[in-house]
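Structure file final-v7.txt; described as compact mmCIF, C-alpha atoms.
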# COMPACT_ATOMS: atom_id res chain seq x y z
CA MET A 1 -22.90 -15.36 10.61
CA THR A 2 -26.04 -17.36 11.37
CA VAL A 3 -27.72 -20.38 9.83
CA ASP A 4 -31.40 -21.03 10.48
CA PHE A 5 -31.85 -24.73 11.22
CA TRP A 6 -35.41 -25.83 10.46
CA PHE A 7 -36.16 -29.24 11.94
CA GLU A 8 -39.08 -31.49 12.88
CA PHE A 9 -38.68 -34.02 15.69
CA ALA A 10 -40.36 -36.81 13.70
CA SER A 11 -38.10 -36.31 10.68
CA THR A 12 -35.56 -39.06 10.10
CA TYR A 13 -32.88 -37.05 8.26
CA SER A 14 -33.22 -34.23 10.81
CA TYR A 15 -31.74 -36.67 13.34
CA PRO A 16 -28.13 -36.82 12.02
CA ALA A 17 -28.33 -33.11 11.17
CA ALA A 18 -29.37 -32.21 14.74
CA MET A 19 -26.61 -34.37 16.21
CA ARG A 20 -23.94 -32.77 14.02
CA ILE A 21 -24.90 -29.15 13.44
CA GLU A 22 -23.53 -27.54 16.59
CA ASP A 23 -20.06 -29.02 16.05
CA VAL A 24 -19.91 -28.22 12.33
CA ALA A 25 -21.14 -24.66 12.90
CA ALA A 26 -18.78 -24.00 15.81
CA ARG A 27 -15.78 -25.25 13.85
CA ASN A 28 -16.61 -22.63 11.21
CA GLY A 29 -17.49 -19.75 13.53
CA VAL A 30 -21.16 -19.89 12.53
CA SER A 31 -24.05 -19.61 14.99
CA ILE A 32 -27.30 -21.54 14.73
CA ARG A 33 -30.86 -20.33 15.09
CA TRP A 34 -32.93 -23.38 16.12
CA ARG A 35 -36.26 -23.32 14.24
CA PRO A 36 -38.51 -26.28 15.14
CA PHE A 37 -41.67 -26.60 13.07
CA LEU A 38 -44.29 -29.20 12.15
CA LEU A 39 -44.34 -31.04 8.83
CA GLY A 40 -47.93 -32.24 9.31
CA PRO A 41 -49.61 -28.98 8.20
CA ILE A 42 -47.21 -28.71 5.23
CA PHE A 43 -47.93 -32.28 4.12
CA LYS A 44 -51.66 -31.63 4.59
CA GLU A 45 -51.45 -28.71 2.10
CA LEU A 46 -50.03 -31.24 -0.39
CA GLY A 47 -52.97 -33.55 0.25
CA TRP A 48 -50.97 -36.05 2.32
CA ASN A 49 -52.21 -37.43 5.63
CA ASP A 50 -48.98 -39.28 6.46
CA SER A 51 -45.23 -39.17 5.85
CA PRO A 52 -44.24 -39.74 2.21
CA PHE A 53 -42.02 -42.53 3.57
CA ASN A 54 -45.21 -44.36 4.59
CA LEU A 55 -47.29 -43.29 1.59
CA GLN A 56 -44.58 -44.51 -0.84
CA PRO A 57 -43.37 -47.91 0.44
CA ALA A 58 -40.33 -48.15 -1.91
CA LYS A 59 -39.18 -44.70 -0.79
CA GLY A 60 -39.70 -45.69 2.85
CA ARG A 61 -37.72 -48.94 2.52
CA TYR A 62 -34.90 -47.03 0.85
CA MET A 63 -34.87 -44.28 3.50
CA TRP A 64 -34.56 -46.70 6.43
CA ARG A 65 -31.63 -48.50 4.81
CA ASP A 66 -29.99 -45.22 3.78
CA LEU A 67 -30.38 -43.76 7.28
CA GLU A 68 -28.92 -46.92 8.83
CA ARG A 69 -25.85 -46.71 6.53
CA LEU A 70 -25.55 -42.95 7.09
CA CYS A 71 -25.66 -43.17 10.90
CA ALA A 72 -23.13 -46.02 10.84
CA SER A 73 -20.75 -43.95 8.73
CA LEU A 74 -21.22 -40.89 11.00
CA GLN A 75 -20.92 -43.07 14.12
CA ILE A 76 -24.33 -41.92 15.37
CA PRO A 77 -26.33 -44.61 17.22
CA PHE A 78 -29.44 -45.73 15.36
CA THR A 79 -32.36 -48.05 16.12
CA ARG A 80 -35.26 -48.08 13.70
CA PRO A 81 -38.27 -46.75 15.64
CA THR A 82 -41.11 -49.25 16.01
CA SER A 83 -43.54 -46.38 15.31
CA PHE A 84 -43.12 -43.73 12.59
CA PRO A 85 -43.68 -40.85 12.45
CA ARG A 86 -43.78 -40.18 16.18
CA ASN A 87 -45.65 -37.15 17.51
CA GLY A 88 -43.21 -34.27 18.02
CA LEU A 89 -45.84 -31.64 18.87
CA LEU A 90 -45.06 -31.13 22.59
CA ALA A 91 -41.31 -31.27 22.03
CA ALA A 92 -41.62 -28.73 19.21
CA ARG A 93 -43.67 -26.34 21.35
CA ILE A 94 -41.01 -26.50 24.07
CA ALA A 95 -38.14 -26.10 21.61
CA CYS A 96 -39.89 -23.17 19.91
CA HIS A 97 -40.50 -21.31 23.16
CA PHE A 98 -37.01 -21.93 24.56
CA SER A 99 -35.16 -21.80 21.24
CA ALA A 100 -32.57 -19.27 22.40
CA GLU A 101 -31.78 -20.96 25.73
CA PRO A 102 -28.27 -22.35 26.13
CA TRP A 103 -29.70 -25.75 27.17
CA LEU A 104 -31.88 -26.03 24.06
CA PRO A 105 -29.40 -27.93 21.82
CA ALA A 106 -28.89 -30.60 24.51
CA PHE A 107 -32.68 -31.00 24.83
CA VAL A 108 -33.12 -31.26 21.05
CA ARG A 109 -30.44 -33.95 20.81
CA ALA A 110 -31.96 -35.86 23.75
CA VAL A 111 -35.37 -35.92 21.99
CA TYR A 112 -33.82 -37.13 18.72
CA ARG A 113 -31.84 -39.80 20.57
CA ALA A 114 -35.02 -40.94 22.31
CA ASN A 115 -36.80 -41.24 18.95
CA PHE A 116 -34.08 -42.69 16.72
CA ALA A 117 -31.60 -44.40 19.05
CA GLU A 118 -33.74 -45.52 22.01
CA ASP A 119 -37.09 -46.15 20.28
CA ARG A 120 -39.05 -44.19 22.86
CA ASP A 121 -42.34 -42.32 22.43
CA ILE A 122 -41.31 -38.65 22.18
CA GLY A 123 -44.99 -37.65 22.36
CA SER A 124 -45.20 -38.71 26.02
CA CYS A 125 -44.52 -36.42 28.99
CA ASP A 126 -42.41 -39.16 30.60
CA THR A 127 -39.94 -39.15 27.73
CA LEU A 128 -39.82 -35.36 27.53
CA GLU A 129 -39.21 -35.21 31.28
CA SER A 130 -36.10 -37.31 30.94
CA CYS A 131 -35.00 -35.28 27.89
CA LEU A 132 -35.31 -32.07 29.92
CA GLN A 133 -33.39 -33.68 32.77
CA ALA A 134 -30.67 -34.66 30.28
CA ALA A 135 -30.45 -30.93 29.50
CA HIS A 136 -30.23 -30.22 33.29
CA GLN A 137 -33.66 -28.56 33.47
CA ASP A 138 -36.50 -28.95 35.94
CA PRO A 139 -39.21 -30.55 33.76
CA ALA A 140 -42.41 -29.55 35.59
CA PRO A 141 -42.59 -25.79 34.86
CA ILE A 142 -41.41 -26.31 31.28
CA LEU A 143 -43.92 -29.06 30.51
CA ALA A 144 -46.69 -26.95 32.02
CA LEU A 145 -45.92 -24.23 29.47
CA ALA A 146 -46.55 -26.59 26.56
CA ASP A 147 -50.29 -26.03 27.01
CA ASP A 148 -50.03 -22.25 27.10
CA PRO A 149 -52.01 -20.70 24.20
CA ALA A 150 -49.17 -18.25 23.39
CA VAL A 151 -46.69 -21.13 23.21
CA LYS A 152 -49.01 -23.06 20.89
CA ASP A 153 -49.49 -19.98 18.71
CA ALA A 154 -45.75 -19.40 18.46
CA LEU A 155 -45.20 -22.88 16.98
CA ARG A 156 -48.12 -22.38 14.57
CA ALA A 157 -46.62 -19.07 13.43
CA GLN A 158 -43.20 -20.68 13.00
CA THR A 159 -44.69 -23.44 10.85
CA GLN A 160 -46.39 -20.76 8.75
CA GLU A 161 -43.05 -19.02 8.34
CA ALA A 162 -41.47 -22.29 7.19
CA MET A 163 -44.16 -22.58 4.49
CA ARG A 164 -43.64 -18.98 3.44
CA LEU A 165 -39.90 -19.64 3.04
CA GLY A 166 -40.61 -22.63 0.77
CA VAL A 167 -39.74 -25.33 3.30
CA PHE A 168 -41.39 -28.59 2.15
CA GLY A 169 -39.51 -31.22 4.20
CA ALA A 170 -36.85 -31.44 6.89
CA PRO A 171 -34.21 -30.60 7.75
CA PHE A 172 -33.70 -27.27 5.98
CA PHE A 173 -30.82 -24.87 6.51
CA VAL A 174 -31.48 -21.26 5.50
CA VAL A 175 -28.74 -18.67 5.03
CA GLY A 176 -29.45 -14.95 4.78
CA GLY A 177 -33.18 -15.59 4.89
CA ASN A 178 -33.44 -16.87 1.31
CA GLU A 179 -30.73 -19.37 0.42
CA LEU A 180 -32.20 -22.80 1.15
CA PHE A 181 -30.40 -26.11 1.66
CA TRP A 182 -32.44 -29.28 2.10
CA GLY A 183 -31.36 -32.40 3.93
CA ASN A 184 -28.60 -33.61 6.20
CA ASP A 185 -26.42 -34.01 3.07
CA ARG A 186 -26.42 -30.23 2.58
CA LEU A 187 -25.35 -29.24 6.12
CA GLU A 188 -21.72 -28.61 5.18
CA ASP A 189 -22.74 -26.71 2.02
CA ALA A 190 -25.02 -24.42 4.04
CA ILE A 191 -22.29 -23.67 6.58
CA ALA A 192 -19.78 -22.98 3.78
CA TRP A 193 -22.31 -20.69 2.04
CA CYS A 194 -22.78 -18.79 5.30
CA VAL A 195 -19.02 -18.40 5.79
CA ALA A 196 -18.55 -17.20 2.19
CA ALA A 197 -21.45 -14.74 2.52
CA GLY A 198 -19.99 -13.43 5.78
CA ALA A 199 -16.56 -12.97 4.18
CA SER A 200 -18.00 -11.07 1.20
CA THR A 201 -19.92 -8.58 3.36
CA SER A 202 -17.25 -7.94 5.99
CA MET B 1 -16.63 -54.69 -9.54
CA THR B 2 -19.68 -53.18 -11.25
CA VAL B 3 -22.20 -50.50 -10.35
CA ASP B 4 -25.57 -50.42 -12.09
CA PHE B 5 -26.34 -46.81 -13.02
CA TRP B 6 -30.11 -46.30 -13.37
CA PHE B 7 -30.90 -43.03 -15.10
CA GLU B 8 -33.73 -41.22 -16.90
CA PHE B 9 -32.92 -38.60 -19.54
CA ALA B 10 -35.53 -36.16 -18.21
CA SER B 11 -34.20 -36.37 -14.63
CA THR B 12 -32.43 -33.28 -13.39
CA TYR B 13 -30.14 -34.88 -10.80
CA SER B 14 -29.25 -37.65 -13.26
CA TYR B 15 -27.49 -34.96 -15.30
CA PRO B 16 -24.52 -34.28 -12.97
CA ALA B 17 -24.38 -38.00 -12.13
CA ALA B 18 -24.14 -38.96 -15.82
CA MET B 19 -21.46 -36.36 -16.45
CA ARG B 20 -19.33 -37.57 -13.53
CA ILE B 21 -19.84 -41.32 -13.18
CA GLU B 22 -17.36 -42.62 -15.75
CA ASP B 23 -14.48 -40.63 -14.23
CA VAL B 24 -15.33 -41.46 -10.61
CA ALA B 25 -15.76 -45.17 -11.43
CA ALA B 26 -12.57 -45.38 -13.51
CA ARG B 27 -10.51 -43.74 -10.76
CA ASN B 28 -11.69 -46.51 -8.43
CA GLY B 29 -11.36 -49.44 -10.84
CA VAL B 30 -15.14 -49.91 -10.97
CA SER B 31 -17.09 -50.57 -14.17
CA ILE B 32 -20.53 -49.17 -14.94
CA ARG B 33 -23.58 -50.91 -16.30
CA TRP B 34 -25.70 -48.20 -17.97
CA ARG B 35 -29.38 -48.82 -17.18
CA PRO B 36 -31.70 -46.24 -18.77
CA PHE B 37 -35.35 -46.46 -17.75
CA LEU B 38 -38.50 -44.33 -17.70
CA LEU B 39 -39.81 -42.60 -14.59
CA GLY B 40 -43.24 -41.97 -16.15
CA PRO B 41 -44.64 -45.47 -15.51
CA ILE B 42 -43.22 -45.43 -11.96
CA PHE B 43 -44.80 -42.05 -11.19
CA LYS B 44 -48.07 -43.28 -12.73
CA GLU B 45 -48.16 -46.17 -10.22
CA LEU B 46 -47.95 -43.52 -7.47
CA GLY B 47 -50.90 -41.67 -9.03
CA TRP B 48 -48.79 -38.85 -10.47
CA ASN B 49 -49.19 -37.59 -14.04
CA ASP B 50 -46.18 -35.24 -13.91
CA SER B 51 -42.82 -34.79 -12.21
CA PRO B 52 -43.04 -34.16 -8.45
CA PHE B 53 -40.98 -31.02 -9.17
CA ASN B 54 -43.97 -29.70 -11.12
CA LEU B 55 -46.67 -31.14 -8.85
CA GLN B 56 -45.03 -29.56 -5.77
CA PRO B 57 -44.03 -25.98 -6.69
CA ALA B 58 -41.91 -25.35 -3.55
CA LYS B 59 -39.95 -28.55 -4.22
CA GLY B 60 -39.51 -27.56 -7.85
CA ARG B 61 -38.26 -24.06 -7.03
CA TYR B 62 -35.81 -25.54 -4.56
CA MET B 63 -34.56 -28.16 -7.01
CA TRP B 64 -33.77 -25.67 -9.78
CA ARG B 65 -31.78 -23.47 -7.40
CA ASP B 66 -30.02 -26.47 -5.85
CA LEU B 67 -29.13 -27.88 -9.28
CA GLU B 68 -27.78 -24.52 -10.40
CA ARG B 69 -25.54 -24.30 -7.29
CA LEU B 70 -24.51 -27.94 -7.65
CA CYS B 71 -23.52 -27.66 -11.32
CA ALA B 72 -21.59 -24.46 -10.58
CA SER B 73 -19.64 -26.18 -7.81
CA LEU B 74 -18.96 -29.22 -10.03
CA GLN B 75 -18.08 -26.96 -12.99
CA ILE B 76 -20.73 -28.58 -15.16
CA PRO B 77 -22.48 -26.21 -17.59
CA PHE B 78 -26.15 -25.62 -16.78
CA THR B 79 -29.02 -23.77 -18.41
CA ARG B 80 -32.48 -24.24 -16.97
CA PRO B 81 -34.53 -25.98 -19.67
CA THR B 82 -37.49 -23.96 -20.93
CA SER B 83 -39.53 -27.18 -20.92
CA PHE B 84 -39.52 -29.78 -18.14
CA PRO B 85 -39.66 -32.73 -18.09
CA ARG B 86 -38.54 -33.32 -21.66
CA ASN B 87 -39.41 -36.58 -23.41
CA GLY B 88 -36.52 -39.03 -23.11
CA LEU B 89 -38.34 -42.00 -24.64
CA LEU B 90 -36.42 -42.29 -27.94
CA ALA B 91 -33.07 -41.58 -26.30
CA ALA B 92 -33.80 -44.21 -23.63
CA ARG B 93 -34.72 -46.84 -26.23
CA ILE B 94 -31.44 -46.20 -28.04
CA ALA B 95 -29.40 -46.21 -24.82
CA CYS B 96 -31.10 -49.40 -23.65
CA HIS B 97 -30.42 -51.27 -26.90
CA PHE B 98 -26.82 -50.08 -27.21
CA SER B 99 -26.04 -49.99 -23.47
CA ALA B 100 -22.86 -52.07 -23.76
CA GLU B 101 -21.38 -50.21 -26.76
CA PRO B 102 -18.18 -48.27 -26.13
CA TRP B 103 -19.75 -45.10 -27.62
CA LEU B 104 -22.78 -45.24 -25.31
CA PRO B 105 -21.40 -43.03 -22.49
CA ALA B 106 -20.53 -40.26 -24.97
CA PHE B 107 -24.06 -40.45 -26.41
CA VAL B 108 -25.64 -40.34 -22.94
CA ARG B 109 -23.62 -37.28 -21.98
CA ALA B 110 -24.48 -35.56 -25.28
CA VAL B 111 -28.21 -36.07 -24.62
CA TYR B 112 -27.92 -34.71 -21.06
CA ARG B 113 -25.92 -31.73 -22.30
CA ALA B 114 -28.57 -31.06 -24.95
CA ASN B 115 -31.30 -31.11 -22.27
CA PHE B 116 -29.62 -29.31 -19.37
CA ALA B 117 -26.86 -27.17 -20.90
CA GLU B 118 -28.17 -26.35 -24.39
CA ASP B 119 -31.93 -26.28 -23.75
CA ARG B 120 -32.71 -28.46 -26.76
CA ASP B 121 -35.64 -30.83 -27.27
CA ILE B 122 -34.18 -34.29 -26.64
CA GLY B 123 -37.43 -35.87 -27.88
CA SER B 124 -36.71 -34.77 -31.45
CA CYS B 125 -34.84 -36.85 -34.02
CA ASP B 126 -32.79 -33.77 -34.99
CA THR B 127 -31.32 -33.47 -31.51
CA LEU B 128 -30.68 -37.20 -31.21
CA GLU B 129 -28.96 -37.17 -34.61
CA SER B 130 -26.47 -34.61 -33.40
CA CYS B 131 -26.01 -36.51 -30.12
CA LEU B 132 -25.20 -39.69 -32.06
CA GLN B 133 -22.80 -37.73 -34.26
CA ALA B 134 -21.14 -36.40 -31.10
CA ALA B 135 -20.56 -40.06 -30.20
CA HIS B 136 -19.13 -40.65 -33.73
CA GLN B 137 -22.03 -42.80 -34.89
CA ASP B 138 -24.04 -42.83 -38.10
CA PRO B 139 -27.49 -41.70 -36.85
CA ALA B 140 -29.81 -43.16 -39.52
CA PRO B 141 -29.60 -46.91 -38.77
CA ILE B 142 -29.64 -46.28 -35.03
CA LEU B 143 -32.67 -43.98 -35.10
CA ALA B 144 -34.49 -46.48 -37.34
CA LEU B 145 -34.09 -49.10 -34.60
CA ALA B 146 -35.93 -46.94 -32.07
CA ASP B 147 -39.23 -48.08 -33.59
CA ASP B 148 -38.35 -51.77 -33.49
CA PRO B 149 -40.83 -53.67 -31.28
CA ALA B 150 -38.03 -55.66 -29.63
CA VAL B 151 -36.20 -52.42 -28.77
CA LYS B 152 -39.39 -50.94 -27.30
CA ASP B 153 -39.99 -54.11 -25.28
CA ALA B 154 -36.45 -54.09 -23.92
CA LEU B 155 -36.92 -50.62 -22.44
CA ARG B 156 -40.31 -51.62 -20.99
CA ALA B 157 -38.71 -54.66 -19.37
CA GLN B 158 -35.87 -52.56 -17.99
CA THR B 159 -38.36 -50.11 -16.45
CA GLN B 160 -40.16 -53.08 -14.88
CA GLU B 161 -36.86 -54.29 -13.45
CA ALA B 162 -36.23 -50.84 -11.97
CA MET B 163 -39.61 -51.03 -10.21
CA ARG B 164 -38.87 -54.55 -8.95
CA LEU B 165 -35.57 -53.32 -7.47
CA GLY B 166 -37.40 -50.53 -5.61
CA VAL B 167 -36.24 -47.65 -7.81
CA PHE B 168 -38.64 -44.72 -7.29
CA GLY B 169 -36.66 -41.78 -8.74
CA ALA B 170 -33.41 -41.08 -10.55
CA PRO B 171 -30.52 -41.48 -10.55
CA PHE B 172 -30.04 -44.73 -8.63
CA PHE B 173 -26.80 -46.64 -8.21
CA VAL B 174 -27.16 -50.34 -7.38
CA VAL B 175 -24.32 -52.48 -6.04
CA GLY B 176 -24.48 -56.27 -5.92
CA GLY B 177 -28.07 -56.22 -7.16
CA ASN B 178 -29.58 -55.08 -3.84
CA GLU B 179 -27.67 -52.21 -2.24
CA LEU B 180 -29.38 -49.03 -3.47
CA PHE B 181 -28.05 -45.47 -3.49
CA TRP B 182 -30.34 -42.64 -4.60
CA GLY B 183 -29.26 -39.35 -6.09
CA ASN B 184 -26.18 -37.67 -7.47
CA ASP B 185 -25.14 -37.01 -3.85
CA ARG B 186 -24.68 -40.75 -3.30
CA LEU B 187 -22.46 -41.47 -6.33
CA GLU B 188 -19.21 -41.55 -4.33
CA ASP B 189 -20.83 -43.67 -1.58
CA ALA B 190 -22.00 -46.23 -4.13
CA ILE B 191 -18.58 -46.50 -5.72
CA ALA B 192 -16.93 -46.85 -2.28
CA TRP B 193 -19.46 -49.54 -1.32
CA CYS B 194 -18.64 -51.41 -4.54
CA VAL B 195 -14.88 -51.22 -3.88
CA ALA B 196 -15.34 -52.41 -0.27
CA ALA B 197 -17.59 -55.27 -1.39
CA GLY B 198 -15.04 -56.26 -4.04
CA ALA B 199 -12.21 -56.20 -1.50
CA SER B 200 -14.15 -58.37 0.97
CA THR B 201 -14.92 -61.09 -1.60
CA SER B 202 -11.53 -61.22 -3.29
Would you write out, as structure tokens, the structure that this file holds?
Amino acid sequence: MTVDFWFEFASTYSYPAAMRIEDVAARNGVSIRWRPFLLGPIFKELGWNDSPFNLQPAKGRYMWRDLERLCASLQIPFTRPTSFPRNGLLAARIACHFSAEPWLPAFVRAVYRANFAEDRDIGSCDTLESCLQAAHQDPAPILALADDPAVKDALRAQTQEAMRLGVFGAPFFVVGGNELFWGNDRLEDAIAWCVAAGASTS
Amino acid sequence: MTVDFWFEFASTYSYPAAMRIEDVAARNGVSIRWRPFLLGPIFKELGWNDSPFNLQPAKGRYMWRDLERLCASLQIPFTRPTSFPRNGLLAARIACHFSAEPWLPAFVRAVYRANFAEDRDIGSCDTLESCLQAAHQDPAPILALADDPAVKDALRAQTQEAMRLGVFGAPFFVVGGNELFWGNDRLEDAIAWCVAAGASTS
């Protein structure tokens, strides 16, 4: 029983989802496939050159307040970033290439914490170095890989796959390759769907 | 303790919210102010001439599947309307003018059922007649009022107030005039916020 977790490091509602998903999945005997991708190319297809939370000020104001309330109720630390959206490209390349490594979830959470709890620039190598150290990895060889053409291509292909699936925001949870759940609010529903699907086929 | 319930008759996620809100509020000792408005003028300000669920096909496909799953889990009947969005103008004028009447909630639910369970044209007088009858009202004098300039102006003013509050979709729940909750998913949170605010001031 596996849920595909599609996330983008700049995405606000991906933050609580990323902090919670491993626990919720483990409690239900579900495993997670970590699928980082980029929202930029998807928004570009829609004719947008920025996050809808910046393009629509009322929606943006609402989101920041909602996220603040949500993190408080989930007891997840939150500081509104002074810059939004931050550039998650390097982090996404790393997470895509190392997506099956046991240290990957700790790295993903460290990057989200840097962005949404510590107000740090997740586009910088300095920040990613400390995030890799938080996941007990030697940063230098991993950061060097982020410029490898094959690593870049893998993230591009993964973003294309997100589009093909019908992903239009983040986070998305996908069960069985075609049952889509959008947003942190749907995490528990996706896990329950996965458990029910597993029970009906076993 | 009062929650303002901002809804639009064409809005898909307003449907489960409208069907549930009276029960959820009553169980918590909260009263509801019914605030119909139109999304059209709000979307127009954003440069949109249609629902985002039509303008963004992936988002639309997702929404219909999500709504189907949601209604099934809430045991609310659902049939995907053959036309979307339907024209809720007349229904909204009536609901705005009679918003404080004891029969109003039954009328609102009848209109939503017509749109999202019975696939009927809620823009037609025939449908609204039967919705008013379902709320035990004589349709003729009420429908006649829908062309009254003062009734039209009241709905325009209410839509302006929605914009001023920062409403950019539907449904919205507003507590204390400035705490906003967006979407059927946030109904319980809004009611809980209202109860907590009431407890802290009493």
Select from chain A every residue with an atom at most 9 Å from any atom of chain B, then for each give the shortest pair of atoms and their distance in Å to one decimal, using only C-alpha atoms, rows by chain and rising number, as a tab-separated table.
residue	atom	partner	partner_atom	distance
A:Leu46	CA	B:Gln56	CA	7.5
A:Gln56	CA	B:Leu46	CA	7.5
A:Pro57	CA	B:Gly166	CA	8.9
A:Ala58	CA	B:Gly166	CA	5.3
A:Lys59	CA	B:Phe168	CA	6.5
A:Arg61	CA	B:Gly166	CA	8.3
A:Tyr62	CA	B:Leu180	CA	7.3
A:Arg65	CA	B:Leu180	CA	8.6
A:Asp66	CA	B:Phe181	CA	7.5
A:Met163	CA	B:Ala58	CA	8.8
A:Leu165	CA	B:Ala58	CA	8.9
A:Gly166	CA	B:Ala58	CA	5.3
A:Val167	CA	B:Ala58	CA	7.2
A:Phe168	CA	B:Lys59	CA	6.5
A:Gly169	CA	B:Lys59	CA	8.8
A:Glu179	CA	B:Arg65	CA	8.9
A:Leu180	CA	B:Tyr62	CA	7.3
A:Phe181	CA	B:Asp66	CA	7.5
A:Trp182	CA	B:Tyr62	CA	8.3
A:Asp185	CA	B:Asp185	CA	7.7
Exercise: residues within 6 Å of coordinate (-33.4, -45.7, -31.3), counting all atoms listed in the file, as a PyMOL selection string: chain B and resi 90+93-94+142-143+145-146
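Shell of Leu39 in chain A at 10 Å, with all atoms listed in the file counted and residues fewer than 3 places along the chain excluded, is Phe7, Glu8, Phe9, Ala10, Ser11, Pro36, Ile42, Phe43, Lys44, Asp50, Ser51, Gly88, Thr159, Ala162, Met163, Val167, Phe168, Gly169 and Ala170 of chain A.
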Distance CA of Thr2 in chain A-CA of Ala190 in chain A, one decimal place?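 Here the two named atoms are 10.2 Å from each other.
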Which of these residues is nearest to Arg86 in chain A, using all atoms listed in the file: A:Gln137, A:Ser99, A:Gln158, A:Thr12? A:Thr12
Set the distance at 7 Å and use only C-alpha atoms: which residues neighbour range 105-118 of chain B once local chain neighbours fewer than 3 positions away are removed? I'd like the list as an MDAnalysis selection string. chainID B and resid 9 15 18:19 77:81 121:122 131:132 134:135
Selected residue of minimal separation from Val195 in chain B among B:Glu22, B:Gln75, B:Arg27, B:Phe5, counting all atoms listed in the file: B:Arg27
Please determine, counting all atoms listed in the file, which residue among B:Ala92, B:Ile191, B:Val151, B:Ala17 has the shortest atom-to-atom distance to Leu128 in chain B. B:Ala92
Interatomic distance, CA of Asn54 in chain A to CA of Phe84 in chain A (Å, one decimal): 8.3 Å
CA of Glu161 in chain A to CA of Ala196 in chain A measures 25.3 Å
When you count all atoms listed in the file, which of these residues is closest to Leu89 in chain B: B:Pro139, B:Gly123, B:Pro16, B:Pro52?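 That would be B:Gly123, the residue with the smallest distance to Leu89 in chain B.
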